[in-house]
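Novice: Next comes the structure file start.txt, holding compact mmCIF, C-alpha atoms.
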# COMPACT_ATOMS: atom_id res chain seq x y z
CA MET A 1 132.30 169.12 173.45
CA SER A 2 130.32 172.16 172.44
CA ASP A 3 132.88 174.85 171.65
CA LEU A 4 133.95 173.31 168.38
CA GLU A 5 135.09 176.63 166.90
CA GLU A 6 137.62 177.02 169.67
CA LEU A 7 139.42 173.74 168.98
CA PRO A 8 142.76 173.95 167.16
CA SER A 9 141.98 173.79 163.44
CA ARG A 10 143.80 170.53 162.63
CA TYR A 11 142.27 168.80 165.66
CA ARG A 12 138.81 170.03 164.73
CA ALA A 13 139.26 168.94 161.11
CA ASN A 14 140.16 165.40 162.21
CA LEU A 15 137.35 165.24 164.73
CA ILE A 16 134.60 166.59 162.49
CA ASN A 17 135.77 164.52 159.54
CA SER A 18 135.53 161.37 161.66
CA CYS A 19 132.29 161.97 163.53
CA THR A 20 129.91 161.42 160.61
CA GLY A 21 130.87 157.72 160.49
CA TYR A 22 132.50 155.48 157.92
CA LYS A 23 132.98 156.81 154.42
CA SER A 24 133.15 155.32 150.97
CA LEU A 25 136.61 155.40 149.42
CA ASN A 26 136.91 155.69 145.67
CA LEU A 27 139.35 156.83 143.03
CA ILE A 28 137.91 159.11 140.38
CA GLY A 29 139.56 158.79 136.99
CA THR A 30 139.33 161.55 134.40
CA GLN A 31 141.23 162.98 131.48
CA ASP A 32 141.30 166.37 129.84
CA SER A 33 140.51 167.03 126.20
CA ASP A 34 144.19 166.50 125.31
CA GLY A 35 144.14 163.03 126.89
CA ASN A 36 146.12 163.89 130.05
CA LYS A 37 144.99 161.48 132.73
CA ASN A 38 144.11 162.33 136.31
CA LEU A 39 143.32 160.14 139.30
CA ALA A 40 142.22 161.36 142.71
CA ILE A 41 140.92 159.77 145.89
CA PHE A 42 137.47 160.85 147.17
CA ASN A 43 135.75 159.91 150.42
CA SER A 44 132.50 161.72 149.67
CA ILE A 45 130.78 159.59 147.04
CA ILE A 46 127.20 158.80 147.99
CA HIS A 47 124.21 157.03 146.54
CA LEU A 48 121.52 159.46 145.36
CA GLY A 49 119.10 157.19 143.56
CA SER A 50 118.81 153.89 141.78
CA ASN A 51 116.26 154.77 139.10
CA PRO A 52 117.86 156.64 137.44
CA ALA A 53 121.15 155.43 138.93
CA LEU A 54 122.69 158.59 140.39
CA ILE A 55 125.63 159.33 142.65
CA GLY A 56 126.86 162.54 144.23
CA PHE A 57 130.20 163.71 145.59
CA THR A 58 131.64 166.97 146.82
CA PHE A 59 134.53 169.17 145.85
CA ARG A 60 136.08 171.62 148.22
CA PRO A 61 135.83 175.25 147.07
CA LEU A 62 137.35 175.96 143.65
CA THR A 63 139.83 178.47 145.07
CA VAL A 64 142.65 176.41 143.54
CA GLN A 65 142.52 174.44 140.30
CA ARG A 66 140.91 171.06 140.86
CA ASP A 67 141.92 168.88 137.92
CA THR A 68 139.19 166.31 138.47
CA TYR A 69 136.50 169.00 138.37
CA LYS A 70 138.04 170.71 135.36
CA ASN A 71 138.29 167.45 133.44
CA ILE A 72 134.74 166.41 134.25
CA LYS A 73 133.45 169.76 133.03
CA GLU A 74 135.61 169.50 129.89
CA THR A 75 134.67 165.96 128.90
CA GLY A 76 131.49 165.17 130.80
CA VAL A 77 132.68 161.74 131.91
CA PHE A 78 134.53 160.12 134.79
CA THR A 79 135.13 156.72 136.31
CA VAL A 80 134.65 155.62 139.91
CA ASN A 81 136.90 152.84 141.20
CA HIS A 82 136.70 151.26 144.66
CA VAL A 83 139.80 151.54 146.81
CA GLN A 84 140.80 148.04 147.80
CA GLU A 85 143.10 146.52 150.31
CA VAL A 86 146.01 145.67 148.04
CA PHE A 87 146.49 149.22 146.81
CA ILE A 88 145.51 151.46 149.76
CA ASP A 89 148.98 153.04 149.82
CA LYS A 90 148.84 153.91 146.12
CA ALA A 91 145.29 155.24 146.39
CA HIS A 92 146.36 157.47 149.28
CA GLN A 93 149.33 158.75 147.31
CA THR A 94 147.03 160.17 144.59
CA ALA A 95 146.12 162.87 147.13
CA ALA A 96 149.58 164.43 146.81
CA LYS A 97 149.65 167.77 145.00
CA TYR A 98 151.32 166.73 141.76
CA PRO A 99 151.72 169.26 138.92
CA THR A 100 148.70 169.36 136.57
CA ASN A 101 150.53 167.58 133.78
CA THR A 102 151.52 164.62 135.97
CA SER A 103 149.31 161.54 135.75
CA GLU A 104 148.61 160.22 139.24
CA PHE A 105 148.29 156.78 137.67
CA ASP A 106 152.00 156.89 136.87
CA ALA A 107 153.05 158.77 139.98
CA ALA A 108 151.24 156.41 142.36
CA GLY A 109 151.87 153.23 140.39
CA LEU A 110 148.36 152.29 139.30
CA GLU A 111 147.44 151.11 135.82
CA ALA A 112 144.96 153.00 133.63
CA GLU A 113 142.62 150.99 131.45
CA TYR A 114 139.93 151.98 128.97
CA LEU A 115 136.74 149.94 128.78
CA GLU A 116 134.11 149.90 126.06
CA GLY A 117 134.77 153.35 124.70
CA THR A 118 134.51 155.28 127.96
CA LEU A 119 136.60 158.42 127.46
CA ALA A 120 138.00 158.34 130.99
CA PRO A 121 140.50 155.93 132.47
CA PHE A 122 139.56 153.20 134.93
CA VAL A 123 141.90 151.77 137.57
CA LYS A 124 142.83 148.30 136.37
CA GLU A 125 143.61 147.07 139.89
CA SER A 126 140.12 147.88 141.18
CA ASN A 127 137.53 145.10 140.97
CA ILE A 128 134.40 147.26 141.42
CA LYS A 129 134.19 150.23 139.09
CA TYR A 130 131.79 152.17 136.92
CA SER A 131 131.62 154.98 134.42
CA CYS A 132 129.53 158.10 134.96
CA THR A 133 128.24 161.03 132.98
CA TYR A 134 128.16 164.49 134.55
CA VAL A 135 124.54 165.50 135.16
CA ASN A 136 124.47 168.59 137.36
CA GLU A 137 126.11 170.40 140.24
CA TYR A 138 124.86 172.09 143.39
CA PRO A 139 126.93 174.85 145.01
CA ILE A 140 126.74 174.50 148.79
CA ILE A 141 126.42 178.16 149.68
CA GLU A 142 127.26 177.61 153.35
CA ASN A 143 130.91 176.84 152.66
CA GLY A 144 131.57 177.10 148.93
CA CYS A 145 131.75 173.34 148.34
CA ILE A 146 130.19 171.89 145.21
CA MET A 147 128.19 168.70 145.00
CA VAL A 148 128.45 167.08 141.59
CA VAL A 149 125.75 164.64 140.48
CA GLY A 150 126.64 161.88 138.05
CA ALA A 151 124.63 159.19 136.29
CA ILE A 152 126.04 155.67 136.34
CA ASN A 153 126.50 154.24 132.86
CA ALA A 154 128.28 150.89 132.95
CA LEU A 155 129.24 148.86 136.01
CA TYR A 156 132.15 146.41 136.08
CA LEU A 157 132.59 143.91 138.85
CA ASN A 158 133.22 140.26 139.47
CA GLU A 159 129.90 138.40 139.46
CA SER A 160 131.02 136.41 142.50
CA PHE A 161 130.61 139.53 144.67
CA ILE A 162 126.90 139.89 143.78
CA ALA A 163 124.21 138.21 145.90
CA PRO A 164 121.24 136.68 144.02
CA ASP A 165 119.20 139.81 144.78
CA GLY A 166 121.81 142.30 143.50
CA TRP A 167 123.45 143.24 146.82
CA ILE A 168 127.24 143.52 146.53
CA ASP A 169 129.45 141.94 149.18
CA LEU A 170 132.05 144.69 149.56
CA VAL A 171 133.86 142.61 152.17
CA LYS A 172 134.43 139.79 149.70
CA ALA A 173 135.67 142.38 147.20
CA ASN A 174 138.17 143.70 149.76
CA SER A 175 136.85 147.23 149.34
CA ILE A 176 137.98 149.62 152.03
CA ALA A 177 136.09 152.19 154.11
CA GLY A 178 137.46 155.53 155.27
CA ILE A 179 137.61 157.15 158.69
CA GLY A 180 138.25 160.88 158.77
CA ILE A 181 140.80 162.35 156.39
CA ASP A 182 143.52 159.69 156.43
CA GLY A 183 142.12 156.48 157.97
CA TYR A 184 141.49 153.20 156.15
CA VAL A 185 139.58 150.25 157.54
CA LYS A 186 138.62 146.75 156.41
CA GLY A 187 135.06 145.47 156.72
CA VAL A 188 134.32 142.06 158.23
CA ALA A 189 131.37 139.78 158.92
CA PRO A 190 128.61 141.50 156.92
CA ILE A 191 125.06 140.73 157.98
CA ARG A 192 121.78 141.68 156.38
CA TYR A 193 118.31 142.14 157.78
CA GLU A 194 114.92 141.48 156.26
CA TYR A 195 112.79 144.51 155.36
CA ALA A 196 111.63 145.99 158.68
CA LYS A 197 107.92 145.86 159.49
CA PRO A 198 106.08 147.19 162.55
CA GLU A 199 104.53 143.83 163.40
CA THR A 200 107.67 141.68 163.20
CA LYS A 201 110.95 141.56 165.11
CA PRO A 202 114.20 142.34 163.29
CA GLN A 203 115.27 139.21 161.44
CA LYS A 204 118.59 138.39 159.81
CA LYS A 205 118.55 137.34 156.18
CA MET B 206 126.73 145.67 133.06
CA SER B 207 125.57 148.59 131.01
CA ASP B 208 121.81 148.17 130.64
CA LEU B 209 121.05 149.13 134.21
CA GLU B 210 117.53 150.34 133.40
CA GLU B 211 116.61 146.89 132.17
CA LEU B 212 117.46 145.12 135.43
CA PRO B 213 114.54 144.10 137.67
CA SER B 214 113.85 147.04 139.96
CA ARG B 215 114.66 145.37 143.32
CA TYR B 216 117.87 143.87 141.90
CA ARG B 217 118.92 147.23 140.50
CA ALA B 218 118.11 148.99 143.79
CA ASN B 219 120.35 146.58 145.72
CA LEU B 220 123.13 146.78 143.16
CA ILE B 221 123.18 150.57 142.80
CA ASN B 222 122.82 151.10 146.54
CA SER B 223 125.88 148.90 147.13
CA CYS B 224 128.18 150.05 144.36
CA THR B 225 129.06 153.45 145.83
CA GLY B 226 130.95 151.75 148.69
CA TYR B 227 130.56 151.67 152.45
CA LYS B 228 128.10 154.06 154.06
CA SER B 229 127.81 155.78 157.40
CA LEU B 230 125.01 154.45 159.59
CA ASN B 231 123.31 156.82 161.98
CA LEU B 232 120.05 157.23 163.82
CA ILE B 233 118.49 160.68 163.56
CA GLY B 234 116.46 161.70 166.61
CA THR B 235 113.82 164.40 166.43
CA GLN B 236 110.61 165.46 168.06
CA ASP B 237 107.66 167.53 166.93
CA SER B 238 106.46 170.69 168.63
CA ASP B 239 104.17 168.58 170.87
CA GLY B 240 107.13 166.53 172.09
CA ASN B 241 106.36 163.34 170.14
CA LYS B 242 109.68 161.61 169.56
CA ASN B 243 110.90 160.10 166.30
CA LEU B 244 113.95 158.00 165.49
CA ALA B 245 115.00 156.85 162.04
CA ILE B 246 118.03 155.17 160.52
CA PHE B 247 119.93 157.01 157.77
CA ASN B 248 122.80 155.75 155.64
CA SER B 249 123.39 159.02 153.80
CA ILE B 250 125.02 161.30 156.35
CA ILE B 251 128.18 162.88 154.99
CA HIS B 252 130.80 165.36 156.09
CA LEU B 253 130.43 168.71 154.31
CA GLY B 254 132.92 170.88 156.16
CA SER B 255 134.75 171.27 159.43
CA ASN B 256 134.82 175.06 159.74
CA PRO B 257 131.95 175.62 160.17
CA ALA B 258 131.18 172.02 161.13
CA LEU B 259 128.56 170.94 158.59
CA ILE B 260 126.97 167.66 157.62
CA GLY B 261 124.53 166.73 154.88
CA PHE B 262 122.08 163.90 154.36
CA THR B 263 119.35 163.07 151.91
CA PHE B 264 115.66 162.40 152.10
CA ARG B 265 113.79 160.49 149.45
CA PRO B 266 111.08 162.53 147.70
CA LEU B 267 108.43 163.97 150.02
CA THR B 268 105.62 162.10 148.30
CA VAL B 269 104.70 160.55 151.66
CA GLN B 270 105.00 162.19 155.08
CA ARG B 271 108.54 161.90 156.40
CA ASP B 272 108.36 162.50 160.13
CA THR B 273 112.07 163.24 160.52
CA TYR B 274 111.89 165.95 157.87
CA LYS B 275 108.69 167.42 159.26
CA ASN B 276 110.10 167.53 162.80
CA ILE B 277 113.36 169.11 161.69
CA LYS B 278 111.46 171.82 159.83
CA GLU B 279 109.19 172.34 162.84
CA THR B 280 111.85 172.57 165.53
CA GLY B 281 115.09 173.26 163.68
CA VAL B 282 117.08 170.67 165.62
CA PHE B 283 118.00 167.00 165.42
CA THR B 284 120.48 164.55 166.88
CA VAL B 285 122.81 162.16 165.05
CA ASN B 286 123.73 158.93 166.83
CA HIS B 287 126.13 156.28 165.50
CA VAL B 288 124.72 152.83 164.97
CA GLN B 289 126.82 150.43 166.98
CA GLU B 290 127.28 146.72 167.12
CA VAL B 291 125.20 145.98 170.22
CA PHE B 292 122.03 147.54 168.84
CA ILE B 293 122.14 146.94 165.08
CA ASP B 294 118.87 145.00 165.20
CA LYS B 295 117.07 147.81 167.03
CA ALA B 296 118.51 150.47 164.72
CA HIS B 297 117.32 148.48 161.71
CA GLN B 298 113.85 148.14 163.22
CA THR B 299 113.41 151.95 163.26
CA ALA B 300 113.01 151.69 159.47
CA ALA B 301 109.62 150.00 159.87
CA LYS B 302 106.66 152.17 158.88
CA TYR B 303 105.16 152.87 162.30
CA PRO B 304 102.21 155.25 162.63
CA THR B 305 103.25 158.90 163.06
CA ASN B 306 102.32 158.96 166.75
CA THR B 307 104.48 155.93 167.60
CA SER B 308 107.91 156.66 169.01
CA GLU B 309 110.48 154.42 167.33
CA PHE B 310 112.51 154.66 170.54
CA ASP B 311 109.78 152.67 172.30
CA ALA B 312 108.92 150.47 169.35
CA ALA B 313 112.51 149.42 168.69
CA GLY B 314 113.61 149.32 172.33
CA LEU B 315 116.12 152.17 172.45
CA GLU B 316 116.30 154.75 175.23
CA ALA B 317 115.83 158.47 174.55
CA GLU B 318 117.94 160.92 176.51
CA TYR B 319 118.11 164.70 176.55
CA LEU B 320 121.48 166.40 176.90
CA GLU B 321 122.25 169.98 177.82
CA GLY B 322 118.98 171.48 176.68
CA THR B 323 118.96 170.07 173.16
CA LEU B 324 115.30 169.94 172.13
CA ALA B 325 115.68 166.63 170.33
CA PRO B 326 116.25 163.18 171.83
CA PHE B 327 119.58 161.37 171.67
CA VAL B 328 120.00 157.59 171.70
CA LYS B 329 121.36 156.70 175.12
CA GLU B 330 122.93 153.45 173.86
CA SER B 331 125.06 155.24 171.24
CA ASN B 332 128.52 156.31 172.32
CA ILE B 333 129.21 158.81 169.50
CA LYS B 334 126.48 161.39 169.01
CA TYR B 335 125.95 165.07 168.33
CA SER B 336 123.25 167.69 168.06
CA CYS B 337 122.63 169.70 164.92
CA THR B 338 120.76 172.78 163.82
CA TYR B 339 118.98 172.84 160.47
CA VAL B 340 120.81 175.21 158.13
CA ASN B 341 119.51 174.74 154.59
CA GLU B 342 118.23 172.26 152.06
CA TYR B 343 118.97 171.53 148.43
CA PRO B 344 116.32 169.89 146.25
CA ILE B 345 117.99 167.41 143.89
CA ILE B 346 115.99 168.15 140.79
CA GLU B 347 117.11 164.98 139.00
CA ASN B 348 115.07 162.68 141.25
CA GLY B 349 113.16 164.77 143.79
CA CYS B 350 115.43 163.91 146.73
CA ILE B 351 116.33 166.62 149.20
CA MET B 352 119.73 167.18 150.76
CA VAL B 353 119.47 168.77 154.18
CA VAL B 354 122.47 170.63 155.59
CA GLY B 355 122.96 170.78 159.34
CA ALA B 356 125.47 172.51 161.60
CA ILE B 357 127.02 170.45 164.39
CA ASN B 358 126.50 172.02 167.81
CA ALA B 359 127.70 169.72 170.58
CA LEU B 360 129.53 166.41 170.23
CA TYR B 361 129.37 163.64 172.83
CA LEU B 362 131.77 160.73 172.80
CA ASN B 363 134.09 158.80 175.03
CA GLU B 364 137.50 160.53 175.10
CA SER B 365 139.20 157.16 174.78
CA PHE B 366 138.09 156.94 171.13
CA ILE B 367 139.89 160.16 170.19
CA ALA B 368 143.49 160.10 168.97
CA PRO B 369 145.77 162.91 170.18
CA ASP B 370 145.20 164.76 166.90
CA GLY B 371 141.40 164.58 167.02
CA TRP B 372 140.85 161.53 164.76
CA ILE B 373 138.14 159.21 166.09
CA ASP B 374 138.74 155.46 166.17
CA LEU B 375 135.33 154.26 164.99
CA VAL B 376 136.50 150.66 165.26
CA LYS B 377 137.21 151.05 168.97
CA ALA B 378 133.77 152.65 169.35
CA ASN B 379 132.15 149.62 167.64
CA SER B 380 130.45 151.88 165.13
CA ILE B 381 129.01 150.05 162.15
CA ALA B 382 129.17 150.74 158.42
CA GLY B 383 126.44 150.04 155.91
CA ILE B 384 126.40 148.18 152.62
CA GLY B 385 123.48 148.81 150.32
CA ILE B 386 120.01 149.07 151.82
CA ASP B 387 120.11 146.38 154.50
CA GLY B 388 123.73 145.35 155.13
CA TYR B 389 125.76 146.00 158.28
CA VAL B 390 129.48 145.51 158.65
CA LYS B 391 132.12 145.85 161.37
CA GLY B 392 135.37 147.68 160.77
CA VAL B 393 138.70 146.15 161.76
CA ALA B 394 142.38 147.04 161.78
CA PRO B 395 142.27 150.78 161.01
CA ILE B 396 145.43 152.28 159.58
CA ARG B 397 146.31 155.88 158.88
CA TYR B 398 148.70 157.47 156.44
CA GLU B 399 150.79 160.61 156.70
CA TYR B 400 149.77 163.59 154.54
CA ALA B 401 150.65 162.62 150.95
CA LYS B 402 153.41 164.58 149.22
CA PRO B 403 154.73 164.22 145.67
CA GLU B 404 158.32 163.73 146.79
CA THR B 405 157.72 161.04 149.43
CA LYS B 406 156.38 157.51 149.38
CA PRO B 407 153.13 156.70 151.24
CA GLN B 408 153.95 156.25 154.88
CA LYS B 409 151.83 154.80 157.67
CA LYS B 410 151.29 156.93 160.77
Rewrite the structure from the file as structure tokens, please.

Specialist:
Amino acid sequence: MSDLEELPSRYRANLINSCTGYKSLNLIGTQDSDGNKNLAIFNSIIHLGSNPALIGFTFRPLTVQRDTYKNIKETGVFTVNHVQEVFIDKAHQTAAKYPTNTSEFDAAGLEAEYLEGTLAPFVKESNIKYSCTYVNEYPIIENGCIMVVGAINALYLNESFIAPDGWIDLVKANSIAGIGIDGYVKGVAPIRYEYAKPETKPQKK
Amino acid sequence: MSDLEELPSRYRANLINSCTGYKSLNLIGTQDSDGNKNLAIFNSIIHLGSNPALIGFTFRPLTVQRDTYKNIKETGVFTVNHVQEVFIDKAHQTAAKYPTNTSEFDAAGLEAEYLEGTLAPFVKESNIKYSCTYVNEYPIIENGCIMVVGAINALYLNESFIAPDGWIDLVKANSIAGIGIDGYVKGVAPIRYEYAKPETKPQKK
């Protein structure tokens, strides 16, 4: 397919959103300076660096009010919470366009919790989550999107998910991956490989 | 865990690379202006927009020569090829530090193919792949990484993977997701949800 611009717009959106591969699925929790909570699903969170520990994620153009963006700019903090199998439906529901003063925690049926003084709500049901501080943003001039960079502060997860060398078994945690705009998929049978070297064959850990 | 800086560096790298969730896994194919081929695995490719069709991915700081980056700057084109179950080991092996004049296609045992005049090699074994043109780059000043933005030109995949509305079933295609630096995982049992609305409950497609 090479005439992508000529595809019907919904078809193209599904196709192009799926063709980059699996996506991370996370709920971002924020609140405004009056304490109104917001929760929204994002499939664009990526690793940017581990020292310092940095993540990035994108917002679509700010042509409408985006509560998550507004709250992050207002307070400087947010939480990232893995979407997991038992609450996929509720995580998906946070994408509905609720009025600004509605908390998606309440509307979708997820519980907010506050941990160690972080001024943004976590998702209690999620068993891998962390708090972040806003660091910077990069406007993507090609389409008006914005990439926000955040620094990871505190990480909360069950120790049983962590391998002796720090690797997290997301399959054991029942974290979910995304496909396209509206697809959810379970991971199975994770394998790891030893550090690749020119003189050796690929070797499973 | 809140003292992330105090963790041993390898442990922290594994932990922070895993905590953002599942990653896309793709092989980027390029060649230099003399026709020397390069192939490298990337776990950072993300969707940036569908109209125009844009992707982004990150390079670590250019403190050493990065052949993929150099070739993209030289020729302006690259290919993106999904990592799939039957060649995970070979895809992983492309990460080894081969000399610049070694083709990772040959070294890892993957076949290069050229499609419709694209001046960069595709991976023949991959059944979801597309060609891109270099559009722009954004230096991430916080850690010296670079995000490259590419425009999707032509997309090649088996029609049987595509749902009637354009969504691609990556599970059917046997595409693989990544966990952390060295983990590979299969997807199973994909589900999709209808567009979320405030007045309706989440509903499977």

Novice: Which value, in Å to one decimal, gives the distance between atom CA of Thr79 of chain A and atom CA of Ala258 of chain B?

Specialist: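 Atom CA of Ala258 of chain B lies 29.4 Å from atom CA of Thr79 of chain A.
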
Novice: Residues of chain A within 7 Å of chain B, counting all atoms listed in the file - could you list those as a ChimeraX atom specification?

Specialist: /A:1-2,11-25,44-47,50,53,89,92-93,95-98,153-156,165-168,177,180,182-193,196-198,202

Novice: Report the distance between atom CA of Thr307 of chain B and atom CA of Val282 of chain B in Å, rounded to one decimal place.

Specialist: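 A separation of 19.5 Å between them.
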
Novice: Which neighbours of Thr235 of chain B fall inside 10 Å, counting all atoms listed in the file, when residues of the same chain fewer than 4 positions from it are skipped, and could you give them as a PyMOL selection string?

Specialist: chain B and resi 240-245+272-277+279-285+324-327

Novice: For a test of reading the model, state the distance in Å between atom CA of Asp239 of chain B and atom CA of Val353 of chain B, rounded to one decimal.

Specialist: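 One can read the atom CA of Asp239 of chain B to atom CA of Val353 of chain B distance as 22.6 Å.
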